[in-house]
$ cat upload.tsv   # TSV, C-alpha atoms
chain	number	residue	atom	x	y	z
A	765	MET	CA	107.48	86.38	98.34
A	766	ARG	CA	108.24	85.14	101.82
A	767	THR	CA	105.10	83.65	103.34
A	768	GLU	CA	104.33	81.60	106.42
A	769	MET	CA	101.31	80.05	108.07
A	770	ILE	CA	100.92	80.23	111.82
A	771	THR	CA	98.46	78.34	113.98
A	772	VAL	CA	96.33	80.24	116.49
A	773	GLU	CA	94.23	78.67	119.22
A	774	THR	CA	90.90	80.51	119.53
A	775	GLY	CA	88.98	78.02	121.67
A	776	THR	CA	85.27	77.26	121.68
A	777	ARG	CA	84.01	80.74	122.54
A	778	PRO	CA	84.17	83.94	120.49
A	779	ALA	CA	87.71	85.24	120.76
A	780	VAL	CA	90.08	88.02	119.75
A	781	ARG	CA	93.76	87.04	119.58
A	782	ASP	CA	96.61	89.57	119.32
A	783	LEU	CA	99.02	88.54	116.54
A	784	THR	CA	101.25	91.62	116.64
A	785	ALA	CA	104.30	90.00	118.20
A	786	GLN	CA	104.22	87.14	115.69
A	787	ALA	CA	103.72	89.59	112.82
A	788	GLN	CA	106.66	91.71	113.95
A	789	ALA	CA	108.84	88.62	114.32
A	790	PHE	CA	107.88	87.58	110.79
A	791	VAL	CA	109.14	90.82	109.18
A	792	ALA	CA	112.20	91.33	111.41
A	793	GLY	CA	115.31	91.57	109.26
A	794	GLU	CA	113.38	92.55	106.13
A	795	GLY	CA	113.68	95.95	104.45
A	796	ASP	CA	110.76	98.07	103.24
A	797	GLY	CA	107.51	96.65	101.90
A	798	LEU	CA	104.03	95.53	102.80
A	799	LEU	CA	103.05	92.97	105.41
A	800	HIS	CA	99.91	91.11	104.35
A	801	ILE	CA	97.85	89.15	106.86
A	802	PHE	CA	95.33	86.66	105.53
A	803	VAL	CA	92.95	84.30	107.31
A	804	PRO	CA	92.02	81.37	105.04
A	805	HIS	CA	88.74	80.74	106.88
A	806	ALA	CA	85.18	81.78	106.00
A	807	THR	CA	84.18	82.58	109.61
A	808	ALA	CA	86.92	84.84	110.97
A	809	GLY	CA	88.43	88.22	110.23
A	810	VAL	CA	91.40	90.47	110.97
A	811	ALA	CA	91.03	93.74	112.88
A	812	ILE	CA	93.61	96.35	113.80
A	813	ILE	CA	92.53	97.62	117.23
A	814	GLU	CA	93.85	98.46	120.67
A	815	THR	CA	94.13	95.49	123.01
A	816	GLY	CA	94.27	95.29	126.80
A	817	SER	CA	91.76	98.06	127.56
A	818	GLY	CA	88.43	96.32	126.96
A	819	THR	CA	88.06	96.72	123.20
A	820	GLU	CA	88.31	93.00	122.53
A	821	ALA	CA	85.15	92.43	124.64
A	822	ASP	CA	83.49	95.53	123.19
A	823	LEU	CA	84.08	94.29	119.66
A	824	LEU	CA	82.68	90.82	120.37
A	825	ARG	CA	79.61	92.38	122.01
A	826	ALA	CA	79.08	94.68	119.02
A	827	VAL	CA	79.31	91.65	116.72
A	828	ASP	CA	76.68	89.88	118.86
A	829	GLU	CA	74.37	92.88	118.66
A	830	LEU	CA	74.84	93.67	114.97
A	831	LEU	CA	74.91	90.05	113.81
A	832	PRO	CA	72.99	88.07	116.46
A	833	ALA	CA	73.94	84.41	116.79
A	834	ASP	CA	70.34	83.18	116.59
A	835	ASP	CA	68.29	81.14	114.13
A	836	ARG	CA	67.57	83.93	111.65
A	837	TRP	CA	70.28	82.86	109.21
A	838	ARG	CA	69.73	80.80	106.11
A	839	HIS	CA	73.15	79.20	106.44
A	840	ARG	CA	72.44	76.46	109.01
A	841	HIS	CA	75.53	74.27	109.26
A	842	GLY	CA	77.19	74.04	112.67
A	843	SER	CA	75.92	75.43	116.00
A	844	THR	CA	72.89	77.72	116.28
A	845	GLY	CA	73.84	81.13	115.03
A	846	HIS	CA	76.81	79.88	113.05
A	847	GLY	CA	75.25	81.55	110.00
A	848	ARG	CA	76.23	84.92	111.40
A	849	ASP	CA	79.85	83.79	111.65
A	850	HIS	CA	79.74	83.49	107.88
A	851	VAL	CA	78.54	87.08	107.46
A	852	LEU	CA	81.28	88.45	109.71
A	853	PRO	CA	84.08	88.43	107.08
A	854	ALA	CA	82.04	90.78	104.87
A	855	VAL	CA	82.34	93.34	107.68
A	856	VAL	CA	85.58	92.35	109.43
A	857	ALA	CA	87.59	91.34	106.38
A	858	PRO	CA	89.85	88.26	106.46
A	859	TYR	CA	92.88	90.29	105.37
A	860	ALA	CA	94.82	93.35	106.42
A	861	SER	CA	97.97	95.06	105.21
A	862	VAL	CA	100.46	97.25	107.05
A	863	PRO	CA	103.54	99.13	105.81
A	864	VAL	CA	106.94	97.85	106.92
A	865	LEU	CA	110.04	100.07	107.06
A	866	GLN	CA	113.45	98.53	107.68
A	867	GLY	CA	111.86	95.45	109.17
A	868	GLN	CA	109.54	97.35	111.51
A	869	ILE	CA	105.74	97.22	111.23
A	870	MET	CA	104.53	100.82	111.09
A	871	LEU	CA	101.63	100.39	113.51
A	872	GLY	CA	100.53	103.29	115.67
A	873	THR	CA	101.23	103.18	119.40
A	874	TRP	CA	97.81	101.78	120.29
A	875	GLN	CA	97.30	99.44	117.35
A	876	SER	CA	97.50	95.66	117.41
A	877	ILE	CA	96.83	93.17	114.61
A	878	CYS	CA	94.12	90.81	115.84
A	879	LEU	CA	92.36	87.69	114.70
A	880	VAL	CA	88.60	87.99	115.32
A	881	ASP	CA	86.94	84.61	115.61
A	882	PRO	CA	83.26	84.49	116.67
A	883	ASN	CA	83.06	80.84	115.69
A	884	ARG	CA	82.55	78.31	118.50
A	885	ASP	CA	83.04	75.31	116.23
A	886	ASN	CA	86.66	75.81	115.09
A	887	PRO	CA	89.04	76.08	118.06
A	888	THR	CA	92.19	76.15	115.89
A	889	ARG	CA	92.87	78.64	113.11
A	890	GLN	CA	95.52	79.32	110.52
A	891	VAL	CA	96.80	82.78	109.62
A	892	ARG	CA	99.08	83.49	106.67
A	893	PHE	CA	101.70	86.24	106.86
A	894	SER	CA	103.23	87.38	103.56
A	895	PHE	CA	105.88	90.02	103.00
A	896	LEU	CA	105.83	91.88	99.70
A	897	PRO	CA	109.18	93.67	99.41
A	898	SER	CA	109.31	96.99	97.62
A	899	SER	CA	111.18	96.59	94.35
B	1368	MET	CA	109.27	102.09	99.09
B	1369	ARG	CA	108.36	105.75	98.94
B	1370	THR	CA	106.28	106.64	101.98
B	1371	GLU	CA	105.08	109.87	103.56
B	1372	MET	CA	103.04	110.96	106.55
B	1373	ILE	CA	100.53	113.76	106.21
B	1374	THR	CA	98.72	115.59	108.98
B	1375	VAL	CA	94.95	115.96	108.81
B	1376	GLU	CA	92.88	118.22	111.04
B	1377	THR	CA	89.66	116.47	112.06
B	1378	GLY	CA	88.54	118.76	114.88
B	1379	THR	CA	86.60	117.92	118.03
B	1380	ARG	CA	83.50	116.48	116.37
B	1381	PRO	CA	83.11	113.29	114.31
B	1382	ALA	CA	84.48	114.07	110.85
B	1383	VAL	CA	85.09	112.67	107.39
B	1384	ARG	CA	88.00	114.25	105.48
B	1385	ASP	CA	88.60	113.75	101.76
B	1386	LEU	CA	92.26	112.82	101.13
B	1387	THR	CA	91.99	112.14	97.41
B	1388	ALA	CA	93.83	115.22	96.18
B	1389	GLN	CA	96.72	114.57	98.55
B	1390	ALA	CA	96.81	110.88	97.60
B	1391	GLN	CA	96.86	111.73	93.89
B	1392	ALA	CA	99.63	114.28	94.45
B	1393	PHE	CA	101.63	111.63	96.31
B	1394	VAL	CA	101.64	109.16	93.37
B	1395	ALA	CA	101.99	111.73	90.56
B	1396	GLY	CA	105.05	110.93	88.49
B	1397	GLU	CA	105.14	107.28	89.58
B	1398	GLY	CA	104.53	104.35	87.25
B	1399	ASP	CA	102.30	101.37	87.99
B	1400	GLY	CA	101.80	99.93	91.43
B	1401	LEU	CA	99.70	100.02	94.55
B	1402	LEU	CA	98.91	103.04	96.69
B	1403	HIS	CA	98.54	102.05	100.33
B	1404	ILE	CA	96.83	104.35	102.82
B	1405	PHE	CA	97.32	103.66	106.51
B	1406	VAL	CA	96.04	105.46	109.60
B	1407	PRO	CA	98.31	104.76	112.60
B	1408	HIS	CA	95.53	105.46	115.11
B	1409	ALA	CA	93.27	103.05	117.00
B	1410	THR	CA	90.13	105.22	116.69
B	1411	ALA	CA	89.89	106.12	113.00
B	1412	GLY	CA	89.46	104.37	109.66
B	1413	VAL	CA	89.72	104.84	105.91
B	1414	ALA	CA	86.67	104.66	103.64
B	1415	ILE	CA	86.38	104.97	99.89
B	1416	ILE	CA	83.05	106.73	99.32
B	1417	GLU	CA	81.45	109.53	97.35
B	1418	THR	CA	81.82	112.96	98.92
B	1419	GLY	CA	79.82	116.15	98.45
B	1420	SER	CA	76.36	114.56	98.19
B	1421	GLY	CA	75.55	113.84	101.83
B	1422	THR	CA	77.27	110.50	102.31
B	1423	GLU	CA	79.77	111.86	104.84
B	1424	ALA	CA	76.88	112.78	107.17
B	1425	ASP	CA	75.04	109.54	106.37
B	1426	LEU	CA	78.11	107.51	107.28
B	1427	LEU	CA	78.64	109.31	110.59
B	1428	ARG	CA	74.97	108.84	111.45
B	1429	ALA	CA	75.15	105.13	110.62
B	1430	VAL	CA	78.22	104.84	112.86
B	1431	ASP	CA	76.27	106.56	115.68
B	1432	GLU	CA	73.36	104.14	115.24
B	1433	LEU	CA	75.37	100.95	114.85
B	1434	LEU	CA	77.99	101.80	117.47
B	1435	PRO	CA	76.29	104.28	119.85
B	1436	ALA	CA	78.61	106.67	121.69
B	1437	ASP	CA	77.13	105.92	125.11
B	1438	ASP	CA	78.36	104.26	128.29
B	1439	ARG	CA	77.87	100.66	127.20
B	1440	TRP	CA	81.53	100.12	126.35
B	1441	ARG	CA	84.06	98.46	128.59
B	1442	HIS	CA	86.86	100.66	127.24
B	1443	ARG	CA	86.34	103.84	129.31
B	1444	HIS	CA	89.29	106.14	128.61
B	1445	GLY	CA	88.48	109.58	127.16
B	1446	SER	CA	85.02	111.12	126.62
B	1447	THR	CA	81.78	109.20	127.16
B	1448	GLY	CA	81.29	106.86	124.26
B	1449	HIS	CA	84.95	106.86	123.29
B	1450	GLY	CA	84.88	103.06	123.64
B	1451	ARG	CA	82.91	102.86	120.42
B	1452	ASP	CA	85.61	104.82	118.61
B	1453	HIS	CA	87.90	101.90	119.41
B	1454	VAL	CA	85.51	99.39	117.82
B	1455	LEU	CA	85.19	101.44	114.62
B	1456	PRO	CA	88.48	100.28	113.02
B	1457	ALA	CA	87.26	96.66	113.11
B	1458	VAL	CA	84.46	97.75	110.74
B	1459	VAL	CA	85.99	100.73	108.92
B	1460	ALA	CA	89.56	99.46	108.60
B	1461	PRO	CA	92.53	101.79	109.15
B	1462	TYR	CA	93.99	100.93	105.74
B	1463	ALA	CA	92.99	100.92	102.09
B	1464	SER	CA	94.76	100.15	98.84
B	1465	VAL	CA	94.09	101.37	95.32
B	1466	PRO	CA	95.76	100.48	92.00
B	1467	VAL	CA	97.91	103.16	90.34
B	1468	LEU	CA	98.60	103.20	86.59
B	1469	GLN	CA	101.16	105.59	85.18
B	1470	GLY	CA	100.94	107.79	88.25
B	1471	GLN	CA	97.14	107.96	88.25
B	1472	ILE	CA	94.99	106.51	91.06
B	1473	MET	CA	92.44	104.23	89.42
B	1474	LEU	CA	89.44	105.41	91.45
B	1475	GLY	CA	85.99	105.37	89.91
B	1476	THR	CA	84.30	108.65	89.01
B	1477	TRP	CA	82.39	108.91	92.30
B	1478	GLN	CA	85.01	107.52	94.66
B	1479	SER	CA	87.07	109.50	97.15
B	1480	ILE	CA	89.58	108.26	99.72
B	1481	CYS	CA	88.41	109.50	103.12
B	1482	LEU	CA	89.62	109.54	106.68
B	1483	VAL	CA	86.75	108.62	109.03
B	1484	ASP	CA	87.30	109.98	112.52
B	1485	PRO	CA	84.47	109.65	115.07
B	1486	ASN	CA	86.82	110.61	117.88
B	1487	ARG	CA	86.20	113.95	119.61
B	1488	ASP	CA	89.38	113.76	121.67
B	1489	ASN	CA	92.04	113.80	118.92
B	1490	PRO	CA	91.67	116.85	116.65
B	1491	THR	CA	94.85	116.11	114.67
B	1492	ARG	CA	95.58	112.88	112.81
B	1493	GLN	CA	98.39	111.36	110.81
B	1494	VAL	CA	97.90	109.35	107.62
B	1495	ARG	CA	100.66	107.38	105.91
B	1496	PHE	CA	100.75	107.06	102.13
B	1497	SER	CA	103.02	104.36	100.70
B	1498	PHE	CA	103.63	103.50	97.05
B	1499	LEU	CA	104.53	99.92	96.23
B	1500	PRO	CA	105.85	99.93	92.67
B	1501	SER	CA	105.23	96.89	90.49
B	1502	SER	CA	108.51	95.08	89.89
C	374	MET	CA	101.69	95.55	86.79
C	375	ARG	CA	99.28	93.32	84.92
C	376	THR	CA	95.74	94.64	85.36
C	377	GLU	CA	92.40	93.91	83.75
C	378	MET	CA	88.82	95.12	84.04
C	379	ILE	CA	86.00	92.61	83.90
C	380	THR	CA	82.29	93.33	83.54
C	381	VAL	CA	79.83	91.75	85.97
C	382	GLU	CA	76.05	91.73	85.56
C	383	THR	CA	74.39	92.35	88.92
C	384	GLY	CA	70.86	93.10	87.74
C	385	THR	CA	68.27	95.40	89.29
C	386	ARG	CA	68.05	93.74	92.70
C	387	PRO	CA	70.66	93.52	95.46
C	388	ALA	CA	73.11	90.83	94.41
C	389	VAL	CA	76.23	88.93	95.40
C	390	ARG	CA	78.34	87.60	92.52
C	391	ASP	CA	81.12	85.06	92.90
C	392	LEU	CA	84.26	86.24	91.05
C	393	THR	CA	86.61	83.48	92.22
C	394	ALA	CA	86.86	81.60	88.93
C	395	GLN	CA	87.63	84.79	87.03
C	396	ALA	CA	90.16	85.86	89.67
C	397	GLN	CA	91.90	82.48	89.53
C	398	ALA	CA	91.98	82.61	85.71
C	399	PHE	CA	93.53	86.07	85.91
C	400	VAL	CA	96.53	84.93	87.99
C	401	ALA	CA	97.02	81.52	86.35
C	402	GLY	CA	100.56	81.29	85.00
C	403	GLU	CA	101.90	83.99	87.34
C	404	GLY	CA	104.41	83.33	90.13
C	405	ASP	CA	104.15	84.67	93.68
C	406	GLY	CA	102.60	87.98	94.59
C	407	LEU	CA	99.42	89.73	95.60
C	408	LEU	CA	96.10	89.70	93.77
C	409	HIS	CA	94.29	92.99	94.23
C	410	ILE	CA	90.57	93.28	93.50
C	411	PHE	CA	89.09	96.74	93.14
C	412	VAL	CA	85.55	97.91	92.38
C	413	PRO	CA	85.61	101.42	90.87
C	414	HIS	CA	82.05	102.17	92.03
C	415	ALA	CA	80.79	104.13	95.05
C	416	THR	CA	77.89	101.75	95.80
C	417	ALA	CA	79.40	98.26	95.84
C	418	GLY	CA	81.99	96.31	97.79
C	419	VAL	CA	84.08	93.15	97.77
C	420	ALA	CA	83.59	90.40	100.36
C	421	ILE	CA	85.42	87.12	100.84
C	422	ILE	CA	82.76	84.69	102.04
C	423	GLU	CA	81.43	81.19	101.48
C	424	THR	CA	78.96	80.89	98.62
C	425	GLY	CA	76.31	78.28	97.88
C	426	SER	CA	75.12	77.69	101.46
C	427	GLY	CA	72.89	80.70	102.07
C	428	THR	CA	75.44	83.31	103.12
C	429	GLU	CA	74.82	85.50	100.06
C	430	ALA	CA	71.18	85.96	101.15
C	431	ASP	CA	72.19	86.29	104.81
C	432	LEU	CA	74.64	89.06	103.93
C	433	LEU	CA	72.11	91.00	101.87
C	434	ARG	CA	69.57	90.70	104.68
C	435	ALA	CA	72.11	91.91	107.23
C	436	VAL	CA	72.87	94.89	104.97
C	437	ASP	CA	69.13	95.64	104.79
C	438	GLU	CA	68.83	95.52	108.57
C	439	LEU	CA	71.98	97.45	109.43
C	440	LEU	CA	71.64	100.01	106.63
C	441	PRO	CA	67.90	100.14	105.80
C	442	ALA	CA	67.03	101.22	102.26
C	443	ASP	CA	64.51	103.85	103.39
C	444	ASP	CA	64.31	107.64	103.24
C	445	ARG	CA	66.52	108.37	106.25
C	446	TRP	CA	69.58	109.18	104.15
C	447	ARG	CA	70.74	112.63	103.21
C	448	HIS	CA	72.12	111.40	99.89
C	449	ARG	CA	68.95	111.32	97.78
C	450	HIS	CA	69.97	110.61	94.18
C	451	GLY	CA	68.51	107.48	92.58
C	452	SER	CA	65.85	105.14	94.00
C	453	THR	CA	64.51	105.43	97.56
C	454	GLY	CA	67.13	104.11	99.92
C	455	HIS	CA	69.97	104.54	97.45
C	456	GLY	CA	71.70	106.67	100.09
C	457	ARG	CA	72.46	103.53	102.05
C	458	ASP	CA	74.15	102.00	99.01
C	459	HIS	CA	76.65	104.85	99.33
C	460	VAL	CA	77.40	103.99	102.97
C	461	LEU	CA	77.97	100.31	102.19
C	462	PRO	CA	81.57	100.69	100.89
C	463	ALA	CA	82.65	102.13	104.26
C	464	VAL	CA	81.70	98.75	105.77
C	465	VAL	CA	82.16	96.33	102.86
C	466	ALA	CA	85.24	97.91	101.28
C	467	PRO	CA	85.55	98.18	97.49
C	468	TYR	CA	88.90	96.36	97.51
C	469	ALA	CA	90.38	93.10	98.70
C	470	SER	CA	93.78	91.46	98.42
C	471	VAL	CA	94.76	87.81	98.50
C	472	PRO	CA	98.19	86.14	98.37
C	473	VAL	CA	99.09	84.20	95.22
C	474	LEU	CA	101.67	81.40	95.20
C	475	GLN	CA	102.84	79.94	91.90
C	476	GLY	CA	99.78	81.25	90.14
C	477	GLN	CA	97.31	79.91	92.71
C	478	ILE	CA	95.11	82.14	94.85
C	479	MET	CA	95.65	81.11	98.45
C	480	LEU	CA	91.98	81.15	99.47
C	481	GLY	CA	90.74	78.79	102.15
C	482	THR	CA	88.50	75.89	101.17
C	483	TRP	CA	85.27	77.74	101.89
C	484	GLN	CA	86.26	81.21	100.71
C	485	SER	CA	85.07	82.92	97.55
C	486	ILE	CA	85.80	86.44	96.30
C	487	CYS	CA	82.45	88.16	95.82
C	488	LEU	CA	81.11	91.41	94.47
C	489	VAL	CA	78.42	92.79	96.82
C	490	ASP	CA	76.05	95.13	95.01
C	491	PRO	CA	72.98	96.39	96.92
C	492	ASN	CA	72.31	98.98	94.24
C	493	ARG	CA	69.17	98.52	92.11
C	494	ASP	CA	70.07	101.31	89.72
C	495	ASN	CA	73.29	99.98	88.18
C	496	PRO	CA	72.79	96.54	86.63
C	497	THR	CA	76.31	96.35	85.16
C	498	ARG	CA	79.53	96.70	87.14
C	499	GLN	CA	83.23	96.77	86.48
C	500	VAL	CA	85.82	95.04	88.63
C	501	ARG	CA	89.58	95.55	88.28
C	502	PHE	CA	91.99	92.70	88.94
C	503	SER	CA	95.66	93.64	89.41
C	504	PHE	CA	98.61	91.33	90.07
C	505	LEU	CA	101.52	92.75	92.02
C	506	PRO	CA	104.40	90.31	91.57
C	507	SER	CA	106.87	89.85	94.39
C	508	SER	CA	110.22	91.34	93.44
$ encode --input "upload.tsv" --output "structure tokens"
Amino acid sequence: MRTEMITVETGTRPAVRDLTAQAQAFVAGEGDGLLHIFVPHATAGVAIIETGSGTEADLLRAVDELLPADDRWRHRHGSTGHGRDHVLPAVVAPYASVPVLQGQIMLGTWQSICLVDPNRDNPTRQVRFSFLPSS
Amino acid sequence: MRTEMITVETGTRPAVRDLTAQAQAFVAGEGDGLLHIFVPHATAGVAIIETGSGTEADLLRAVDELLPADDRWRHRHGSTGHGRDHVLPAVVAPYASVPVLQGQIMLGTWQSICLVDPNRDNPTRQVRFSFLPSS
Amino acid sequence: MRTEMITVETGTRPAVRDLTAQAQAFVAGEGDGLLHIFVPHATAGVAIIETGSGTEADLLRAVDELLPADDRWRHRHGSTGHGRDHVLPAVVAPYASVPVLQGQIMLGTWQSICLVDPNRDNPTRQVRFSFLPSS
């Protein structure tokens, strides 16, 4: 299985980062199979959404409303509200998978593969791409 | 990799459509492997839930409560509230995967594979089934 | 495809159970590929979160707040509020997948694979592990 870790800068504020170009580059030249995206962190997730039209901000606001970054959380390491960052991956899972045909990711026109990182404490993240070829 | 696109009519109101029969038909005759379901749209998701006992309506109501279709969203294309349709796939992901053994999807008794489409503006959807055989 | 069902006791109260040790034991001795975790139940999900620092309780509380276990649900089988247990898998999906390299699950340091079971009525659950080797 071909696999690769990339490094993504997410800064010290909640962030959504578009990984589509890097994902497409990773599978270029492959045949058919499944692209698997995995974030080896307990406070980030992967979402497949449209980018560039406001949805990144809408998603982060929805996360703030549904999982407020206040002192309600039992998990209390890190900054205030960091406990909610640990609940996020139960809702925005830390993996995604997308079909690949002849080295092309079969995303829809308006879809992008994004890293969702509400965490203020970890400005640098790793993301693992894996390609599972069809036998 | 065997892969196929199907067309699903979801109409002009939020809808949940059961795809289980079509998914089972797609893998019939295969051996062991993974069935992958992918929706190439930025405003729909896939959920594995029970159907026929009210959960479809419960899910759509929960989506309306958690992500209200009002004018709060920065993404403003389409009908009022369409911005929330774009946040949905971060929560109800546009993919799912289910084990297949000897051409049978290994769903539990009460599970169905469903397309979740809150979007009023796109009455017709595509769904991609892919079968990744075990080597 | 090597696949195996394990039995997990979740009791009669909402519970999060860490399956990481069993998942790692399942893939030990394998090469590279994808570990697939699947819960064949309509009222439970799989989450990849940190355990042992309060997040299990935080997650169950968030589920109670976002999907209250009251009489609002149309699905009315089982205990009061059981309808919300049926909505849970749309948000906390009943599957997850994680890359495996040389028989090691590639989880991050703080990640655990967990069964999330809000359902009071089913104290015993099944979970299916499958290993899809890379061809």
$ residues_near_point --input "upload.tsv" --point "(74.0, 100.4, 115.5)" --cutoff "10 Å" --atoms "only C-alpha atoms" --output "PDB file with C-alpha atoms, in the frame of the given file"
ATOM      1  CA  ALA A 826      79.080  94.680 119.020  1.00  0.00           C
ATOM      2  CA  GLU A 829      74.370  92.880 118.660  1.00  0.00           C
ATOM      3  CA  LEU A 830      74.840  93.670 114.970  1.00  0.00           C
TER       4      LEU A 830
ATOM      5  CA  ARG B1428      74.970 108.840 111.450  1.00  0.00           C
ATOM      6  CA  ALA B1429      75.150 105.130 110.620  1.00  0.00           C
ATOM      7  CA  VAL B1430      78.220 104.840 112.860  1.00  0.00           C
ATOM      8  CA  ASP B1431      76.270 106.560 115.680  1.00  0.00           C
ATOM      9  CA  GLU B1432      73.360 104.140 115.240  1.00  0.00           C
ATOM     10  CA  LEU B1433      75.370 100.950 114.850  1.00  0.00           C
ATOM     11  CA  LEU B1434      77.990 101.800 117.470  1.00  0.00           C
ATOM     12  CA  PRO B1435      76.290 104.280 119.850  1.00  0.00           C
ATOM     13  CA  ALA B1436      78.610 106.670 121.690  1.00  0.00           C
TER      14      ALA B1436
ATOM     15  CA  GLU C 438      68.830  95.520 108.570  1.00  0.00           C
ATOM     16  CA  LEU C 439      71.980  97.450 109.430  1.00  0.00           C
ATOM     17  CA  LEU C 440      71.640 100.010 106.630  1.00  0.00           C
TER      18      LEU C 440
END
$ atom_distance --input "upload.tsv" --atom1 "CA of Ala792 (chain A)" --atom2 "CA of Ile869 (chain A)"
8.7 Å
$ residues_around --input "upload.tsv" --residues "Val772 (chain A)" --least-positions-apart "2" --cutoff "10 Å" --atoms "all atoms listed in the file" --output "ChimeraX atom specification"
/A:769-770,774-775,781-783,879,887-891
$ write_last_selection --input "upload.tsv" --atoms "C-alpha atoms" --output "short mmCIF file (atom, residue, chain, number, x, y, z; two decimals), keeping the file's coordinate frame"
data_model
loop_
_atom_site.label_atom_id
_atom_site.label_comp_id
_atom_site.auth_asym_id
_atom_site.auth_seq_id
_atom_site.Cartn_x
_atom_site.Cartn_y
_atom_site.Cartn_z
CA MET A 769 101.31 80.05 108.07
CA ILE A 770 100.92 80.23 111.82
CA THR A 774 90.90 80.51 119.53
CA GLY A 775 88.98 78.02 121.67
CA ARG A 781 93.76 87.04 119.58
CA ASP A 782 96.61 89.57 119.32
CA LEU A 783 99.02 88.54 116.54
CA LEU A 879 92.36 87.69 114.70
CA PRO A 887 89.04 76.08 118.06
CA THR A 888 92.19 76.15 115.89
CA ARG A 889 92.87 78.64 113.11
CA GLN A 890 95.52 79.32 110.52
CA VAL A 891 96.80 82.78 109.62
#
$ closest_atom_pairs --input "upload.tsv" --of "chain B" --to "chain C" --cutoff "7 Å" --atoms "all atoms listed in the file" --output "tab-separated table"
residue	atom	partner	partner_atom	distance
B:Asp1399	CA	C:Met374	CA	6.0
B:Gly1400	CA	C:Met374	CA	6.4
B:Ala1414	CA	C:Ala463	CA	4.8
B:Ile1415	CA	C:Ala463	CA	6.4
B:Ile1416	CA	C:Ala415	CA	5.5
B:Glu1417	CA	C:Ala415	CA	5.9
B:Ser1420	CA	C:His448	CA	5.6
B:Gly1421	CA	C:His448	CA	4.6
B:Thr1422	CA	C:His448	CA	5.8
B:Asp1425	CA	C:Trp446	CA	5.9
B:Leu1426	CA	C:Val460	CA	5.6
B:Val1458	CA	C:Val464	CA	5.8
B:Val1459	CA	C:Val464	CA	5.7
B:Leu1474	CA	C:Pro413	CA	5.6
B:Gly1475	CA	C:Pro413	CA	4.1
B:Trp1477	CA	C:Ala415	CA	5.7
B:Gln1478	CA	C:Ala415	CA	5.4
B:Ser1501	CA	C:Met374	CA	5.3
B:Ser1502	CA	C:Ser508	CA	5.4
$ atom_distance --input "upload.tsv" --atom1 "CA of Val419 (chain C)" --atom2 "CA of Ile877 (chain A)"
21.1 Å
$ atom_distance --input "upload.tsv" --atom1 "CA of Asn495 (chain C)" --atom2 "CA of Gly1419 (chain B)"
20.2 Å
$ decode --input "upload.tsv" --residues "region 1488-1500 of chain B" --atoms "N, CA and C atoms" --output "CSV table (one decimal), in the first residue's frame"
chain,number,residue,atom,x,y,z
B,1488,ASP,N,-33.0,22.3,-3.9
B,1488,ASP,CA,-32.7,22.9,-5.2
B,1488,ASP,C,-32.3,21.8,-6.2
B,1489,ASN,N,-31.9,20.6,-5.8
B,1489,ASN,CA,-31.4,19.6,-6.7
B,1489,ASN,C,-32.3,18.3,-6.6
B,1490,PRO,N,-33.3,18.2,-7.4
B,1490,PRO,CA,-34.2,17.1,-7.3
B,1490,PRO,C,-33.6,15.7,-7.7
B,1491,THR,N,-32.5,15.7,-8.4
B,1491,THR,CA,-31.9,14.5,-8.9
B,1491,THR,C,-30.5,14.4,-8.5
B,1492,ARG,N,-30.1,13.2,-8.0
B,1492,ARG,CA,-28.8,13.0,-7.4
B,1492,ARG,C,-28.1,11.8,-8.0
B,1493,GLN,N,-26.8,11.8,-8.0
B,1493,GLN,CA,-26.0,10.6,-8.4
B,1493,GLN,C,-25.4,10.0,-7.2
B,1494,VAL,N,-25.3,8.7,-7.2
B,1494,VAL,CA,-24.6,8.0,-6.1
B,1494,VAL,C,-23.7,6.9,-6.8
B,1495,ARG,N,-22.4,6.9,-6.4
B,1495,ARG,CA,-21.5,5.9,-6.9
B,1495,ARG,C,-21.3,4.7,-6.0
B,1496,PHE,N,-21.5,3.6,-6.5
B,1496,PHE,CA,-21.2,2.3,-5.8
B,1496,PHE,C,-19.8,1.8,-6.4
B,1497,SER,N,-18.9,1.4,-5.5
B,1497,SER,CA,-17.7,0.8,-5.9
B,1497,SER,C,-17.5,-0.5,-5.1
B,1498,PHE,N,-16.9,-1.5,-5.7
B,1498,PHE,CA,-16.6,-2.7,-5.0
B,1498,PHE,C,-15.2,-3.0,-5.0
B,1499,LEU,N,-14.6,-3.0,-3.8
B,1499,LEU,CA,-13.1,-3.2,-3.7
B,1499,LEU,C,-12.9,-4.7,-3.3
B,1500,PRO,N,-12.6,-5.6,-4.2
B,1500,PRO,CA,-12.5,-7.0,-3.8
B,1500,PRO,C,-11.2,-7.2,-2.9
